[in-house]
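Structure first, then comments.
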Amino acid sequence: MSEEANPFESLQEQIRDAAAYVDADEGELRRLSRPERLLETNLTIERDDGSLDTFKAYRSQFNGDRGPYKGGIRYHPGVDRDEVKALSGWMVYKTAVVDIPYGGGKGGIAVDPRTLSMAELERLTRSFAEELRPIVGEDMDIPAPDVNTGQREMNWIKDTYETLENTTAPGVITGKAIDSGGSEGRVEATGRSVMLTAREAFDYLGKSIEDATVAVQGYGNAGSVAARLLESELGTNVVAVSDSSGAVYNEAGIDAAGARGFKDETDAVSGYENAEEELTNEDLLTLDVDLLIPAALENAIDDDLAGDVQADVVVEAANGPLTPDADDVLTERGVHVFPDILANAGGVTVSYFEWVQNRQRFYWAEEKVNEELERHIVDAFDGLVAAYEERDLPNFRTAAYVVGLERVLKAYREGGTWP
């Protein structure tokens with residue numbers, strides 16, 4: 001395996017690659033390749049046994065030219081400065097690609113949430129919310145769930161903010177539970193956009209997606225929902241899924257919903273009774289399948305592993321699952337990669353819908369949410385393909401960044417530089 005790529009350096013390389021096809025000067029590119037500000041803080045909480053423990057936490061606000069900063073909060077031991085900077089930058093171009101009026105932000109706490117009780121996790125979350133309070137708000141920075149966070153944590157952050165500010169502001173955060181101001185369709189949104197991107201990709205490439213074989217690396221919310229929707233709505237054959245425990249494979253197909261239920265019960269997909277064989281995550285990534293969905297963390301596929309990828313199409317559910325060198329290898333081999341900043345944009349798109357509903361105090365039916373999400377993803381896909389074809393770009397990732405970069409540049413230039 002190659003040395004693991006730095007995610008922030010990967011982001012900057014992706015921006016530079018796209019900039020070769022965009023009219024931008026060096027000063028503008030420097031500005032659009034670095035975060036505007038970064039909060040780094042230490043959170044000290046009391047553990048259940050009375051001892052004190054301290055955790056490093058971050059919030060990166062990368063660019064706000066197109067609207068308030070927007071992006072998730074993750075709880076993971078690997079959270080660090082460069083990761084949140086990269087994730088916040090990817091979010092800038094993700095919101096631009098799907099053309100919703102947000103900038104990009106991201107945050108996280110370096111913690112394994114499985115080592116904390118629920119009471120400790122609540123104290124940690126509320127401590128972080130207190131630190132975030134001066135820099136977040138409905139028109140400033142709007143966090144959301146990410147890896148190892150969900151409705152529960154978003155509800156705690158909302159309650160902390162509203163209590164400290166002595167106000168009601170459901171739009172300060174998205175991904176909340178329905179009764180706390182959340183939106184129908186939000187939980188499934190990221191997986192649904194992965195499914196929609198795969199559908200559009202196969203149609204564009206002239207391939208039938210019905211009965212296509214699918215492998216999903218990472219079986220959290222995004223990966224499991226994508227697998228279930230691909231199976232139930234498009235008739236694909238999900239043959240392999242994985243999580244941190246390992247991978248399971250069945251040539252005849254794995255019941256995607258059943259595998260998720262088993263994981264919910266046991267905290268692992270390994271041992272799922274509908275599997276014929278257990279594999280490693282690396283084995284899964286190199287299976288001979290029609291569609292590969294990397295849905296775990298960054299840098300899952302490097303240049304060494306990319307040489308062994310046998311999938312015809314890759315649709316990225318995770319953020320940054322391919323290193324730039326892996327991208328180059330797959331481009332040279334003719335493997336079509338549909339990038340994260342389009343494929344997993346369903347989460348932020350429906351977060352935008354949730355924010356709109358919060359501001360209006362008027363809530364939509366799930367059918368409307370899904371219809372609007374499909375429209376945004378299909379329009380964004382068409383814009384990406386148009387850029388790819390009309391400018392003779394090397395791959396779809398570069399096309400996505402060209403579209404996003406030009407939209408951010410336009411907003412910045414229209415606003416001007418001040419003072």
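Identifiers in the structure tokens: chain A, B, ... in order shown; residue index from 1 per chain; ligand index from 1 in order shown.
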
Could I get the residues of region 245-340 of chain A with an atom no further than 9 Å from an atom of region 9-14 of chain A, each paired with its nearest atom pair and that distance in Å to one decimal, using only C-alpha atoms, sorted by chain and residue number, as a tab-separated table?
```
residue	atom	partner	partner_atom	distance
A:Gly320	CA	A:Ser10	CA	8.2
A:Thr323	CA	A:Ser10	CA	6.6
A:Pro324	CA	A:Ser10	CA	6.1
```

Take the residues from that selection and write them out as a PDB file, in the first residue's frame, keeping C-alpha atoms.
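For reference, out-v8.pdb as written:
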```pdb
ATOM      1  CA  GLY A 320     -12.592  11.531  -0.528  1.00  0.00           C
ATOM      2  CA  THR A 323      -6.535   9.480  -3.444  1.00  0.00           C
ATOM      3  CA  PRO A 324      -5.599  11.752  -6.394  1.00  0.00           C
TER       4      PRO A 324
END
```

Item to complete: Can you list, as a VMD selection string, all residues belonging to region 94-183 of chain A that DSSP tags as helix (DSSP H, G or I)?
Response: chain A and resid 94 to 97 113 to 115 118 to 132 151 to 165 170 to 172 178 to 180

For the contact check between region 259-308 of chain A and region 228-238 of chain A, emit one row per residue of region 259-308 of chain A within 10 Å, containing the shortest atom pair and the distance in Å rounded to one decimal, counting only C-alpha atoms, chain then rising number order, as JSON lines.
```
{"residue": "A:Ala259", "atom": "CA", "partner": "A:Arg228", "partner_atom": "CA", "distance": 9.6}
{"residue": "A:Arg260", "atom": "CA", "partner": "A:Arg228", "partner_atom": "CA", "distance": 8.9}
{"residue": "A:Val289", "atom": "CA", "partner": "A:Val238", "partner_atom": "CA", "distance": 9.4}
{"residue": "A:Asp290", "atom": "CA", "partner": "A:Asn237", "partner_atom": "CA", "distance": 9.7}
{"residue": "A:Leu291", "atom": "CA", "partner": "A:Val238", "partner_atom": "CA", "distance": 9.3}
{"residue": "A:Leu292", "atom": "CA", "partner": "A:Val238", "partner_atom": "CA", "distance": 10.0}
```

Practice prompt. Write out as a PyMOL selection string each polymer residue whose atoms come within 6 Å of region 142-152 of chain A, counting only C-alpha atoms; drop sequence neighbours fewer than 4 positions from it.
Written response: chain A and resi 70-75+172-177

Item to complete: Would you work out the distance separating CA of Leu164 (chain A) from CA of Val348 (chain A), expressed in Å to one decimal?
Response: 26.1 Å

Item to complete: Skip Glu4 (chain A) itself and residues of its chain fewer than 5 positions away, then list as number ranges by chain all residues within 12 Å of it, counting only C-alpha atoms.
Response: A: 9-10, 298-305, 321-326

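For Phe362 (chain A), the set of protein, DNA and RNA residues having any atom at most 12 Å away, when counting only C-alpha atoms and skipping those fewer than 6 positions along the same chain, is Gly181, Gly182, Ser183, Phe353, Glu354, Trp355 and Val356 of chain A.
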
Given the selection you just returned, output its residues as a file containing N, CA and C atoms, formatted as a CSV table (one decimal), in the first residue's frame.
```csv
chain,number,residue,atom,x,y,z
A,181,GLY,N,-38.0,19.5,14.6
A,181,GLY,CA,-37.8,20.4,13.4
A,181,GLY,C,-37.1,19.8,12.3
A,182,GLY,N,-36.9,18.5,12.3
A,182,GLY,CA,-36.2,17.8,11.2
A,182,GLY,C,-37.1,17.7,9.9
A,183,SER,N,-36.5,17.2,8.9
A,183,SER,CA,-37.3,17.0,7.6
A,183,SER,C,-37.5,15.6,7.3
A,353,PHE,N,-33.3,21.8,2.4
A,353,PHE,CA,-34.7,21.7,2.4
A,353,PHE,C,-35.2,21.9,3.9
A,354,GLU,N,-34.5,21.2,4.8
A,354,GLU,CA,-34.9,21.3,6.2
A,354,GLU,C,-34.7,22.7,6.7
A,355,TRP,N,-33.6,23.3,6.4
A,355,TRP,CA,-33.4,24.7,6.8
A,355,TRP,C,-34.5,25.7,6.3
A,356,VAL,N,-34.8,25.5,5.0
A,356,VAL,CA,-35.9,26.3,4.4
A,356,VAL,C,-37.2,26.1,5.2
```

Worksheet entry | Spatial neighbours of Thr41 (chain A), max dist 8 Å, only C-alpha atoms, sep filter under 3 positions, as a VMD selection string | chain A and resid 56 to 58 131

Worksheet item: as an MDAnalysis selection string, which residues of region 22-80 of chain A does DSSP assign to strand (DSSP E or B)?
Response: chainID A and resid 37:46 52:63 69:75

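Atom pair CA of Leu342 (chain A) / CA of Asn395 (chain A): separated by 13.4 Å.
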
Item to complete: Name all residues at most 7 Å from Val408 (chain A) (count only C-alpha atoms; drop same-chain ones fewer than 2 positions away) and give them as a VMD selection string.
Response: chain A and resid 65 to 66 96 404 to 406 410 to 412

Output as JSON lines one row per residue of region 297-398 of chain A within 10 Å of region 204-210 of chain A: the closest atom pair and its distance in Å to one decimal place, counting only C-alpha atoms, sorted by chain and residue number ascending.
```
{"residue": "A:Val313", "atom": "CA", "partner": "A:Leu205", "partner_atom": "CA", "distance": 9.5}
{"residue": "A:His336", "atom": "CA", "partner": "A:Leu205", "partner_atom": "CA", "distance": 9.1}
{"residue": "A:Phe381", "atom": "CA", "partner": "A:Tyr204", "partner_atom": "CA", "distance": 9.8}
{"residue": "A:Asp382", "atom": "CA", "partner": "A:Tyr204", "partner_atom": "CA", "distance": 9.5}
{"residue": "A:Val385", "atom": "CA", "partner": "A:Tyr204", "partner_atom": "CA", "distance": 8.7}
```

Discussion item. What does the structure give for the distance between CA of Thr168 (chain A) and CA of Pro113 (chain A), in Å to one decimal?
Written reply: 28.5 Å

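With distances restricted to only C-alpha atoms, A:Gly347 is the closest residue to Asn221 (chain A) from A:Gly171, A:Pro68, A:Pro394, A:Gly347.
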